[in-house]
$ cat query20.csv   # CSV, C-alpha atoms and all ligand atoms
chain,number,residue,atom,x,y,z
A,1,MET,CA,64.0,60.8,129.2
A,2,MET,CA,62.4,63.1,131.8
A,3,ASN,CA,59.1,63.3,129.9
A,4,LYS,CA,58.7,59.6,130.2
A,5,LEU,CA,58.6,60.0,134.0
A,6,PRO,CA,55.4,60.9,135.8
A,7,ASP,CA,55.0,64.6,136.6
A,8,ASP,CA,55.2,64.3,140.4
A,9,MET,CA,58.4,62.3,140.1
A,10,VAL,CA,60.0,65.0,137.9
A,11,ASN,CA,58.9,67.6,140.4
A,12,GLU,CA,60.6,65.6,143.2
A,13,ILE,CA,63.8,65.5,141.2
A,14,VAL,CA,63.7,69.2,140.5
A,15,ASP,CA,63.2,69.9,144.2
A,16,LEU,CA,66.1,67.6,145.2
A,17,TYR,CA,68.4,69.1,142.6
A,18,LEU,CA,67.4,72.7,143.4
A,19,ASN,CA,66.8,72.8,147.1
A,20,GLN,CA,68.6,69.8,148.7
A,21,LYS,CA,72.2,70.5,147.5
A,22,ASP,CA,73.7,69.6,150.9
A,23,ALA,CA,71.5,66.6,151.5
A,24,ILE,CA,71.9,64.6,148.3
A,25,SER,CA,74.5,64.5,145.5
A,26,VAL,CA,73.6,64.4,141.8
A,27,ARG,CA,75.0,60.9,141.6
A,28,GLU,CA,72.6,59.8,144.4
A,29,ILE,CA,69.6,61.4,142.7
A,30,ILE,CA,70.4,59.5,139.5
A,31,ALA,CA,70.7,56.2,141.4
A,32,ARG,CA,67.5,56.8,143.5
A,33,TYR,CA,65.4,57.2,140.3
A,34,ASN,CA,67.2,54.7,138.2
A,35,LEU,CA,68.0,57.3,135.6
A,36,ASN,CA,70.3,55.9,132.9
A,37,ILE,CA,72.4,59.1,132.5
A,38,SER,CA,75.7,60.6,133.5
A,39,SER,CA,75.9,63.3,136.3
A,40,ASN,CA,76.5,66.2,134.0
A,41,GLN,CA,73.5,65.3,131.8
A,42,LEU,CA,70.9,65.7,134.6
A,43,ARG,CA,70.6,69.5,134.8
A,44,LYS,CA,70.1,69.8,131.0
A,45,LEU,CA,67.3,67.3,131.1
A,46,LEU,CA,65.4,69.1,133.9
A,47,PRO,CA,62.3,71.0,132.8
A,48,LEU,CA,61.9,74.8,133.1
A,49,VAL,CA,60.5,76.1,136.4
A,50,ARG,CA,57.4,78.3,136.5
A,51,SER,CA,58.0,81.7,137.9
A,52,ASP,CA,55.5,83.9,139.8
A,53,LYS,CA,55.7,86.5,137.0
A,54,ASN,CA,53.6,87.1,133.9
A,55,CYS,CA,55.1,88.6,130.8
A,56,PRO,CA,54.3,92.4,130.7
A,57,TYR,CA,53.8,92.2,126.9
A,58,CYS,CA,51.7,89.1,126.3
A,59,GLY,CA,50.6,88.0,129.8
A,60,ALA,CA,51.9,84.5,129.5
A,61,VAL,CA,53.5,82.8,132.5
A,62,MET,CA,57.3,83.3,132.6
A,63,TYR,CA,59.6,80.4,133.2
A,64,ARG,CA,63.1,80.1,134.7
A,65,LYS,CA,65.9,77.8,133.6
A,66,ILE,CA,67.8,75.8,136.2
A,67,VAL,CA,71.3,77.1,135.7
A,68,SER,CA,73.1,75.2,138.4
A,69,ARG,CA,72.3,73.5,141.7
A,70,GLY,CA,70.3,76.0,143.8
A,71,HIS,CA,70.2,78.6,141.1
A,72,LEU,CA,67.5,79.7,138.6
A,73,GLY,CA,68.0,81.9,135.6
A,74,ASP,CA,66.0,85.1,135.1
A,75,PRO,CA,62.3,84.6,134.2
A,76,TYR,CA,61.6,84.6,130.4
A,77,CYS,CA,58.6,84.4,128.2
A,78,LYS,CA,58.3,81.4,125.9
A,79,THR,CA,55.9,83.2,123.7
A,80,CYS,CA,57.6,86.5,122.9
A,81,GLY,CA,61.1,85.9,124.2
A,82,HIS,CA,61.1,88.7,126.8
A,83,ILE,CA,63.5,88.3,129.7
A,84,PHE,CA,62.9,89.8,133.1
A,85,TYR,CA,66.3,90.9,134.5
A,86,SER,CA,65.7,90.7,138.2
A,87,ASP,CA,68.8,92.3,139.6
A,88,SER,CA,70.0,94.7,136.9
A,89,GLU,CA,68.7,97.3,134.4
A,90,ASN,CA,66.6,95.9,131.6
A,91,ILE,CA,69.0,94.6,129.0
A,92,CYS,CA,66.5,92.4,127.3
A,93,ARG,CA,66.7,92.6,123.4
A,94,CYS,CA,63.3,91.1,122.6
A,95,ARG,CA,61.3,92.8,119.8
A,96,LYS,CA,58.9,94.5,122.3
A,97,CYS,CA,61.7,95.9,124.4
A,98,ASP,CA,63.5,97.2,121.3
A,99,GLU,CA,60.3,98.9,120.1
A,100,GLY,CA,60.1,100.7,123.5
A,101,ARG,CA,63.7,101.8,123.0
A,102,ARG,CA,63.0,103.1,119.6
A,103,GLU,CA,60.3,105.4,121.1
A,104,PHE,CA,62.8,106.5,123.8
A,105,ILE,CA,65.4,107.4,121.1
A,106,LYS,CA,62.8,109.4,119.3
A,107,ILE,CA,61.9,111.4,122.4
A,108,ILE,CA,65.5,112.2,123.2
A,109,TYR,CA,66.9,112.8,119.7
A,110,ASP,CA,64.0,114.0,117.6
A,111,LYS,CA,64.5,117.7,117.9
A,112,GLU,CA,64.3,120.1,115.1
A,113,GLN,CA,67.8,121.6,114.7
A,114,PRO,CA,68.4,125.1,113.2
A,115,LYS,CA,69.8,124.8,109.7
A,116,ILE,CA,72.7,126.8,108.3
A,117,ASN,CA,73.0,127.6,104.6
A,118,PHE,CA,75.7,125.7,102.8
A,119,SER,CA,77.0,128.9,101.2
A,120,ASP,CA,77.6,130.3,104.7
A,121,LEU,CA,79.9,127.5,105.8
A,122,SER,CA,83.7,128.2,106.0
A,123,LEU,CA,85.9,126.7,103.4
A,124,ASP,CA,87.0,123.8,105.6
A,125,TYR,CA,83.5,122.6,106.3
A,126,MET,CA,82.4,123.0,102.7
A,127,VAL,CA,85.2,120.8,101.6
A,128,LEU,CA,84.5,118.2,104.3
A,129,PHE,CA,80.7,118.1,103.5
A,130,VAL,CA,81.3,117.9,99.8
A,131,LYS,CA,83.8,115.0,100.4
A,132,LEU,CA,81.3,113.1,102.5
A,133,ILE,CA,78.2,113.8,100.5
A,134,ARG,CA,79.8,113.0,97.1
A,135,GLN,CA,80.4,109.4,98.4
A,136,THR,CA,76.8,108.7,99.1
A,137,GLY,CA,74.7,111.4,97.3
A,138,ASN,CA,72.7,111.8,100.5
A,139,PHE,CA,72.2,115.4,101.7
A,140,ALA,CA,70.3,114.5,104.8
A,141,ILE,CA,72.2,111.7,106.6
A,142,ILE,CA,75.8,110.7,107.1
A,143,ARG,CA,76.4,107.1,108.3
A,144,GLY,CA,78.6,107.0,111.4
A,145,GLU,CA,81.1,104.6,109.8
A,146,MET,CA,82.0,107.4,107.3
A,147,PHE,CA,83.8,109.2,110.2
A,148,TRP,CA,86.2,106.3,110.8
A,149,ASP,CA,89.2,108.4,109.7
A,150,LEU,CA,87.6,111.7,110.7
A,151,GLU,CA,87.2,111.5,114.5
A,152,ILE,CA,88.3,115.1,115.2
A,153,GLU,CA,86.1,116.4,112.4
A,154,ARG,CA,83.1,114.4,113.7
A,155,LYS,CA,83.4,115.9,117.1
A,156,ILE,CA,83.7,119.4,115.8
A,157,LEU,CA,80.7,119.0,113.5
A,158,LEU,CA,78.7,117.6,116.4
A,159,GLN,CA,79.8,120.4,118.7
A,160,LYS,CA,78.8,123.1,116.2
A,161,SER,CA,75.5,121.3,115.6
A,162,LEU,CA,76.3,121.0,111.9
A,163,ILE,CA,75.4,117.3,112.4
A,164,SER,CA,73.3,115.7,115.1
A,165,VAL,CA,72.5,112.1,116.1
A,166,SER,CA,69.6,110.9,114.0
A,167,PRO,CA,66.5,109.6,115.8
A,168,ASP,CA,66.2,107.0,113.1
A,169,SER,CA,69.6,105.4,113.9
A,170,PRO,CA,69.5,101.6,114.5
A,171,VAL,CA,68.5,100.7,118.0
A,172,ASN,CA,71.6,98.7,118.6
A,173,ALA,CA,73.8,101.7,117.7
A,174,PHE,CA,73.0,102.8,121.3
A,175,ASP,CA,74.6,101.3,124.4
A,176,ILE,CA,72.1,99.4,126.4
A,177,HIS,CA,73.6,100.9,129.5
A,178,ASN,CA,72.6,104.4,130.2
A,179,PHE,CA,70.3,104.1,127.2
A,180,PRO,CA,69.9,106.1,125.0
A,181,TYR,CA,72.4,108.7,126.1
A,182,ASN,CA,75.5,106.6,125.3
A,183,PHE,CA,75.9,105.6,121.7
A,184,PHE,CA,78.5,104.0,119.5
A,185,VAL,CA,79.9,106.9,117.5
A,186,TYR,CA,80.5,105.0,114.3
A,187,GLU,CA,77.3,103.1,114.3
A,188,VAL,CA,74.6,105.8,114.7
A,189,ASP,CA,73.5,107.9,111.8
A,190,TYR,CA,74.0,111.7,111.8
A,191,LYS,CA,71.5,114.2,110.4
A,192,ILE,CA,73.1,117.0,108.4
A,193,ASN,CA,71.8,120.3,109.6
A,194,ILE,CA,72.6,122.3,106.5
A,195,ARG,CA,70.3,123.8,103.9
A,196,PHE,CA,71.4,123.2,100.2
A,197,SER,CA,69.9,125.0,97.3
A,198,GLN,CA,69.0,122.9,94.2
A,199,LEU,CA,71.9,124.4,92.3
A,200,GLU,CA,74.3,123.6,95.1
A,201,LYS,CA,73.1,120.0,95.2
A,202,GLU,CA,73.6,119.5,91.5
A,203,ALA,CA,77.0,121.1,91.6
A,204,ILE,CA,78.1,118.9,94.5
A,205,LEU,CA,76.9,115.7,92.8
A,206,GLU,CA,78.5,116.7,89.6
A,207,ASP,CA,81.6,117.5,91.5
A,208,THR,CA,81.8,120.9,90.0
A,209,TYR,CA,80.9,122.9,93.1
A,210,LEU,CA,84.3,123.6,94.5
A,211,PHE,CA,85.8,123.6,91.1
A,212,GLY,CA,83.7,126.5,90.0
A,213,LYS,CA,83.2,128.5,93.2
A,214,LEU,CA,86.6,128.7,94.7
A,215,THR,CA,89.3,131.4,93.9
A,216,GLU,CA,92.7,130.1,92.8
A,217,GLU,CA,94.1,130.9,96.2
A,218,GLU,CA,91.4,128.9,98.0
A,219,LYS,CA,91.9,125.9,95.7
A,220,TYR,CA,95.6,125.8,96.5
A,221,LYS,CA,94.8,126.1,100.2
A,222,VAL,CA,92.6,123.1,100.0
A,223,PHE,CA,95.2,121.3,97.9
A,224,TYR,CA,98.1,121.9,100.4
A,225,ARG,CA,95.9,120.6,103.2
A,226,CYS,CA,95.0,117.4,101.3
A,227,LEU,CA,98.6,117.0,100.2
A,228,HIS,CA,99.9,117.3,103.7
A,229,ALA,CA,97.2,115.0,105.2
A,230,ASP,CA,98.0,112.4,102.6
A,231,VAL,CA,101.8,112.6,103.1
A,232,MET,CA,101.4,112.3,106.9
A,233,LYS,CA,99.2,109.3,106.4
A,234,ARG,CA,101.7,107.6,104.1
A,235,PHE,CA,104.6,108.5,106.4
A,236,LYS,CA,102.8,106.9,109.3
A,237,SER,CA,101.9,103.8,107.4
A,238,LEU,CA,105.5,103.4,106.1
A,239,MET,CA,106.7,103.5,109.7
A,240,LYS,CA,104.0,101.3,111.0
A,241,ALA,CA,104.8,98.7,108.3
A,242,ARG,CA,108.1,98.5,110.1
A,243,ARG,CA,106.5,98.3,113.5
A,244,LEU,CA,107.4,101.9,114.4
A,245,GLU,CA,104.8,104.3,115.8
A,246,PRO,CA,106.0,107.7,114.7
A,247,GLU,CA,105.3,110.8,116.8
A,248,ILE,CA,104.5,113.9,114.9
A,249,LEU,CA,106.1,116.8,116.9
A,250,PRO,CA,104.6,120.2,115.9
A,251,SER,CA,108.1,121.8,115.5
A,252,ALA,CA,109.2,119.0,113.2
A,253,GLU,CA,106.0,119.1,111.2
A,254,LEU,CA,106.5,122.8,110.6
A,255,GLU,CA,110.0,122.2,109.2
A,256,PHE,CA,108.6,119.3,107.2
A,257,LYS,CA,106.0,121.5,105.5
A,258,LYS,CA,108.7,123.6,104.0
A,259,LEU,CA,109.7,120.6,101.8
A,260,TYR,CA,106.6,121.2,99.7
A,261,LYS,CA,108.3,124.3,98.3
A,262,GLU,CA,111.2,122.4,97.0
A,263,LEU,CA,110.0,118.8,96.4
A,264,SER,CA,107.2,117.1,94.6
A,265,TYR,CA,104.9,114.7,96.4
A,266,SER,CA,106.4,111.7,94.7
A,267,LYS,CA,109.9,112.7,95.9
A,268,ILE,CA,108.8,113.4,99.4
A,269,ILE,CA,107.3,109.9,99.7
A,270,THR,CA,110.6,108.4,98.5
A,271,LEU,CA,112.4,110.3,101.3
A,272,CYS,CA,109.8,109.1,103.8
A,273,ASP,CA,110.3,105.5,102.7
A,274,ARG,CA,114.1,105.8,102.9
A,275,VAL,CA,113.8,107.2,106.5
A,276,ALA,CA,111.4,104.5,107.6
A,277,ARG,CA,113.8,101.9,106.3
A,278,PHE,CA,116.8,103.6,107.9
A,279,CYS,CA,115.1,103.9,111.3
A,280,SER,CA,114.0,100.3,111.2
A,281,ASP,CA,117.5,99.0,110.3
A,282,LYS,CA,119.0,101.1,113.1
A,283,VAL,CA,116.5,99.9,115.7
A,284,ILE,CA,116.8,96.2,114.7
A,285,THR,CA,120.6,96.4,114.9
A,286,ARG,CA,120.3,98.3,118.2
A,287,LYS,CA,122.2,101.3,116.9
A,288,MET,CA,119.3,103.5,117.7
A,289,ASN,CA,116.8,103.6,120.5
A,290,ARG,CA,113.2,102.9,119.4
A,291,LYS,CA,111.8,106.0,121.1
A,292,VAL,CA,114.5,108.2,119.5
A,293,ALA,CA,113.6,106.8,116.0
A,294,GLU,CA,109.8,107.3,116.6
A,295,ARG,CA,110.2,110.9,117.8
A,296,GLY,CA,112.9,111.9,115.4
A,297,ALA,CA,111.9,110.3,112.1
A,298,LEU,CA,109.9,113.2,110.7
A,299,ARG,CA,112.8,115.6,111.3
A,300,MET,CA,115.1,113.0,109.7
A,301,VAL,CA,113.2,113.3,106.5
A,302,VAL,CA,114.0,117.0,106.5
A,303,ASN,CA,117.7,116.4,107.3
A,304,PHE,CA,117.9,113.6,104.7
A,305,TRP,CA,116.8,116.1,102.0
A,306,ALA,CA,119.4,118.7,103.3
A,307,ASN,CA,122.0,116.0,102.9
A,308,CYS,CA,120.9,115.3,99.4
A,309,THR,CA,121.1,118.9,98.3
A,310,ARG,CA,124.5,119.3,100.0
A,311,ASN,CA,125.9,116.2,98.2
A,312,GLY,CA,124.1,116.7,94.9
A,313,TRP,CA,122.2,113.4,95.2
A,314,THR,CA,119.0,113.0,93.2
A,315,VAL,CA,115.9,111.5,94.7
A,316,ALA,CA,113.8,109.1,92.6
A,317,ASP,CA,110.0,109.6,92.1
A,318,SER,CA,107.8,107.2,93.9
A,319,GLU,CA,104.6,105.7,92.5
A,320,ILE,CA,102.0,108.5,92.4
A,321,GLY,CA,99.1,106.1,91.9
A,322,ASP,CA,99.4,105.0,95.5
A,323,CYS,CA,98.2,108.4,96.8
A,324,GLY,CA,95.0,108.4,98.8
A,325,ASN,CA,91.5,109.0,97.4
A,326,ASP,CA,91.0,112.4,99.0
A,327,LEU,CA,94.1,113.8,97.4
A,328,LYS,CA,93.2,112.2,94.0
A,329,TRP,CA,89.8,113.8,94.2
A,330,CYS,CA,91.3,117.2,95.2
A,331,ILE,CA,93.7,117.2,92.2
A,332,GLU,CA,91.1,116.0,89.7
A,333,SER,CA,88.0,117.8,90.9
A,334,ILE,CA,89.2,120.9,92.7
A,335,MET,CA,92.4,121.7,90.9
A,336,GLY,CA,91.2,120.3,87.5
A,337,LYS,CA,94.6,118.6,87.0
A,338,GLU,CA,96.0,115.2,86.1
A,339,LEU,CA,97.5,112.9,88.7
A,340,THR,CA,101.0,113.7,87.2
A,341,PHE,CA,100.6,117.0,89.1
A,342,LEU,CA,102.1,115.0,92.0
A,343,ASN,CA,105.4,114.8,90.2
A,344,GLU,CA,105.6,118.6,90.2
A,345,VAL,CA,106.7,121.0,92.9
A,346,VAL,CA,103.5,122.9,93.5
A,347,THR,CA,103.7,126.6,94.4
A,348,PHE,CA,101.0,129.2,94.4
A,349,GLU,CA,102.2,132.7,93.9
A,350,LYS,CA,99.7,135.5,94.6
A,351,ASN,CA,99.7,138.0,91.8
B,1,ZN,ZN,55.8,87.6,126.3
B,2,ZN,ZN,62.0,92.1,126.4
$ encode --input "query20.csv" --output "structure tokens" --more "lines below"
Ligand SMILES: [Zn+2]
Ligand SMILES: [Zn+2]
Amino acid sequence: MMNKLPDDMVNEIVDLYLNQKDAISVREIIARYNLNISSNQLRKLLPLVRSDKNCPYCGAVMYRKIVSRGHLGDPYCKTCGHIFYSDSENICRCRKCDEGRREFIKIIYDKEQPKINFSDLSLDYMVLFVKLIRQTGNFAIIRGEMFWDLEIERKILLQKSLISVSPDSPVNAFDIHNFPYNFFVYEVDYKINIRFSQLEKEAILEDTYLFGKLTEEEKYKVFYRCLHADVMKRFKSLMKARRLEPEILPSAELEFKKLYKELSYSKIITLCDRVARFCSDKVITRKMNRKVAERGALRMVVNFWANCTRNGWTVADSEIGDCGNDLKWCIESIMGKELTFLNEVVTFEKN
């Protein structure tokens, strides 16, 4: 439409549209030039406007789009796509700008970190790294997304410099504002600042490392921790499935942990399920305040079990196959047991 008109006429129309907002309406412009279009089509048909800028990357003239009457968009380069942001920091994502960012990331994050020997790590860190590494087989890099469920651990590892942000992380893992100091914690990659011997690497990959190296007592320690983490996760999800957000009060958690001495994993999960149902029924029928249910549920599991013993009620086993992967791995690889271990009351007695 517009390209059928002579250039000077198009320029006139652009001038009227852009600079004479108060003098002439869009409808009048259309009528004056006999344009066979509706009012809201005009702006879209107007050509780009040359700016006084040249692209810093390829030298081409930059153009501006007419965004509304009296307003032009930021200058951009038709050749390489670079956009010049006139009144804000550079948030252009063209290839050249991203290349520049990549260099900047390297400058800020490419620092040689001191490495610690794997064998010098404490038990907790060893277990954590084995758990992460055995999923990928990568001894140098951990993807940020692997910390989804491990936010506290991620922070501690970073603080202790056991991991650090990799300079090879994807550019868009960094926030364009305050670049590159702000980054998206689950999108960057992390370097592992730990030295592994060849034997350690093989043992970790074959999943025999912890199995072979730990004392019985250490194995049980790891097991109890995995067990409790799994039970808490199941408890929370059973509650959440009934739209309740349980609060884990430290005093209640301490009482709860004593259950492991008397009950198997599969029976504890059954109790958790019963309590979640009980709470949800009471809240729905307004016999219990939601907050009371959410704060008290964990302790209710303990009380529920006390009731069972008092009255001689038996508790059924729940499905052990539903336990989490970490616990499964711990039982099979660290403890060297079958999953049916979860039907037993597990106690470790020091000789
Ligand atoms: Zn350009
Ligand atoms: Zn650019």
$ residues_near_ligand --input "query20.csv" --ligand "ligand ZN 2 (chain B)" --cutoff "12 Å" --atoms "only C-alpha atoms and all ligand atoms" --output "ChimeraX atom specification"
/A:55-58,62,74-85,89-101
$ residues_around --input "query20.csv" --residues "Leu42 (chain A)" --least-positions-apart "2" --cutoff "10 Å" --atoms "only C-alpha atoms" --output "tab-separated table (two decimals) with C-alpha atoms, keeping the file's coordinate frame"
chain	number	residue	atom	x	y	z
A	2	MET	CA	62.40	63.10	131.80
A	13	ILE	CA	63.80	65.50	141.20
A	14	VAL	CA	63.70	69.20	140.50
A	17	TYR	CA	68.40	69.10	142.60
A	26	VAL	CA	73.60	64.40	141.80
A	27	ARG	CA	75.00	60.90	141.60
A	29	ILE	CA	69.60	61.40	142.70
A	30	ILE	CA	70.40	59.50	139.50
A	35	LEU	CA	68.00	57.30	135.60
A	36	ASN	CA	70.30	55.90	132.90
A	37	ILE	CA	72.40	59.10	132.50
A	38	SER	CA	75.70	60.60	133.50
A	39	SER	CA	75.90	63.30	136.30
A	40	ASN	CA	76.50	66.20	134.00
A	44	LYS	CA	70.10	69.80	131.00
A	45	LEU	CA	67.30	67.30	131.10
A	46	LEU	CA	65.40	69.10	133.90
$ atom_distance --input "query20.csv" --atom1 "CA of Ile142 (chain A)" --atom2 "CA of Val130 (chain A)"
11.6 Å
$ residues_around --input "query20.csv" --residues "Phe147 (chain A)" --least-positions-apart "2" --cutoff "12 Å" --atoms "all atoms listed in the file" --output "PyMOL selection string"
chain A and resi 128-129+131-132+142-145+149-158+163+184-190
$ closest_residue --input "query20.csv" --among "A:Val283, A:Ile204, A:Leu342, A:Leu48" --to "Ile320 (chain A)" --atoms "all atoms listed in the file"
A:Leu342
$ closest_residue --input "query20.csv" --among "A:Ala23, A:Ala60, A:Leu18, A:Ile248" --to "ligand ZN 1 (chain B)" --atoms "all atoms listed in the file"
A:Ala60
$ atom_distance --input "query20.csv" --atom1 "CA of Arg50 (chain A)" --atom2 "CA of Glu28 (chain A)"
25.2 Å
$ closest_residue --input "query20.csv" --among "A:Ile133, A:Leu199, A:Val275, A:Ile105" --to "Asn172 (chain A)" --atoms "all atoms listed in the file"
A:Ile105
$ atom_distance --input "query20.csv" --atom1 "CA of Phe196 (chain A)" --atom2 "CA of Thr136 (chain A)"
15.5 Å
$ closest_residue --input "query20.csv" --among "A:Thr314, A:Leu238, A:His228, A:Ser88" --to "His177 (chain A)" --atoms "all atoms listed in the file"
A:Ser88
$ residues_around --input "query20.csv" --residues "Ala229 (chain A)" --least-positions-apart "3" --cutoff "12 Å" --atoms "all atoms listed in the file" --output "PyMOL selection string"
chain A and resi 149-150+222-226+232-236+253+257+265+323-327+330
$ residues_around --input "query20.csv" --residues "Gly73 (chain A)" --least-positions-apart "6" --cutoff "6 Å" --atoms "all atoms listed in the file" --output "number ranges by chain"
A: 64-65, 67
$ residues_near_point --input "query20.csv" --point "(109.8, 108.8, 110.2)" --cutoff "8 Å" --atoms "all atoms listed in the file" --output "list in words"
Phe235, Lys236, Met239, Pro246, Cys272, Val275, Ala276, Cys279, Ala293, Glu294, Arg295, Gly296, Ala297, Leu298, Arg299, Met300 and Val301 of chain A
$ write_last_selection --input "query20.csv" --atoms "C-alpha atoms" --output "PDB file, in the frame of the given file"
ATOM      1  CA  PHE A 235     104.600 108.500 106.400  1.00  0.00           C
ATOM      2  CA  LYS A 236     102.800 106.900 109.300  1.00  0.00           C
ATOM      3  CA  MET A 239     106.700 103.500 109.700  1.00  0.00           C
ATOM      4  CA  PRO A 246     106.000 107.700 114.700  1.00  0.00           C
ATOM      5  CA  CYS A 272     109.800 109.100 103.800  1.00  0.00           C
ATOM      6  CA  VAL A 275     113.800 107.200 106.500  1.00  0.00           C
ATOM      7  CA  ALA A 276     111.400 104.500 107.600  1.00  0.00           C
ATOM      8  CA  CYS A 279     115.100 103.900 111.300  1.00  0.00           C
ATOM      9  CA  ALA A 293     113.600 106.800 116.000  1.00  0.00           C
ATOM     10  CA  GLU A 294     109.800 107.300 116.600  1.00  0.00           C
ATOM     11  CA  ARG A 295     110.200 110.900 117.800  1.00  0.00           C
ATOM     12  CA  GLY A 296     112.900 111.900 115.400  1.00  0.00           C
ATOM     13  CA  ALA A 297     111.900 110.300 112.100  1.00  0.00           C
ATOM     14  CA  LEU A 298     109.900 113.200 110.700  1.00  0.00           C
ATOM     15  CA  ARG A 299     112.800 115.600 111.300  1.00  0.00           C
ATOM     16  CA  MET A 300     115.100 113.000 109.700  1.00  0.00           C
ATOM     17  CA  VAL A 301     113.200 113.300 106.500  1.00  0.00           C
TER      18      VAL A 301
END
$ closest_residue --input "query20.csv" --among "A:Asn307, A:Asn138, A:Thr285, A:Asn54" --to "ligand ZN 1 (chain B)" --atoms "all atoms listed in the file"
A:Asn54
$ closest_residue --input "query20.csv" --among "A:Asp207, A:Leu123, A:Pro180, A:Gln159" --to "Ile107 (chain A)" --atoms "only C-alpha atoms"
A:Pro180
$ decode --input "query20.csv" --residues "region 71-93 of chain A" --atoms "C-alpha atoms" --output "short mmCIF file (atom, residue, chain, number, x, y, z; two decimals), in the first residue's frame"
data_model
loop_
_atom_site.label_atom_id
_atom_site.label_comp_id
_atom_site.auth_asym_id
_atom_site.auth_seq_id
_atom_site.Cartn_x
_atom_site.Cartn_y
_atom_site.Cartn_z
CA HIS A 71 6.64 8.01 19.69
CA LEU A 72 9.52 6.14 18.13
CA GLY A 73 10.95 2.84 19.36
CA ASP A 74 14.61 2.37 20.22
CA PRO A 75 17.03 2.36 17.25
CA TYR A 76 17.81 -1.12 15.92
CA CYS A 77 20.08 -2.60 13.33
CA LYS A 78 18.41 -4.38 10.43
CA THR A 79 21.62 -6.23 9.65
CA CYS A 80 22.60 -7.82 12.97
CA GLY A 81 19.54 -7.19 15.14
CA HIS A 82 21.31 -5.06 17.75
CA ILE A 83 19.02 -2.71 19.65
CA PHE A 84 20.23 0.53 21.20
CA TYR A 85 18.37 1.06 24.47
CA SER A 86 18.31 4.82 24.84
CA ASP A 87 17.09 5.28 28.39
CA SER A 88 18.02 2.09 30.22
CA GLU A 89 20.91 -0.29 30.67
CA ASN A 90 21.77 -2.44 27.71
CA ILE A 91 19.31 -5.32 27.69
CA CYS A 92 19.86 -6.20 24.04
CA ARG A 93 20.09 -9.96 23.45
#
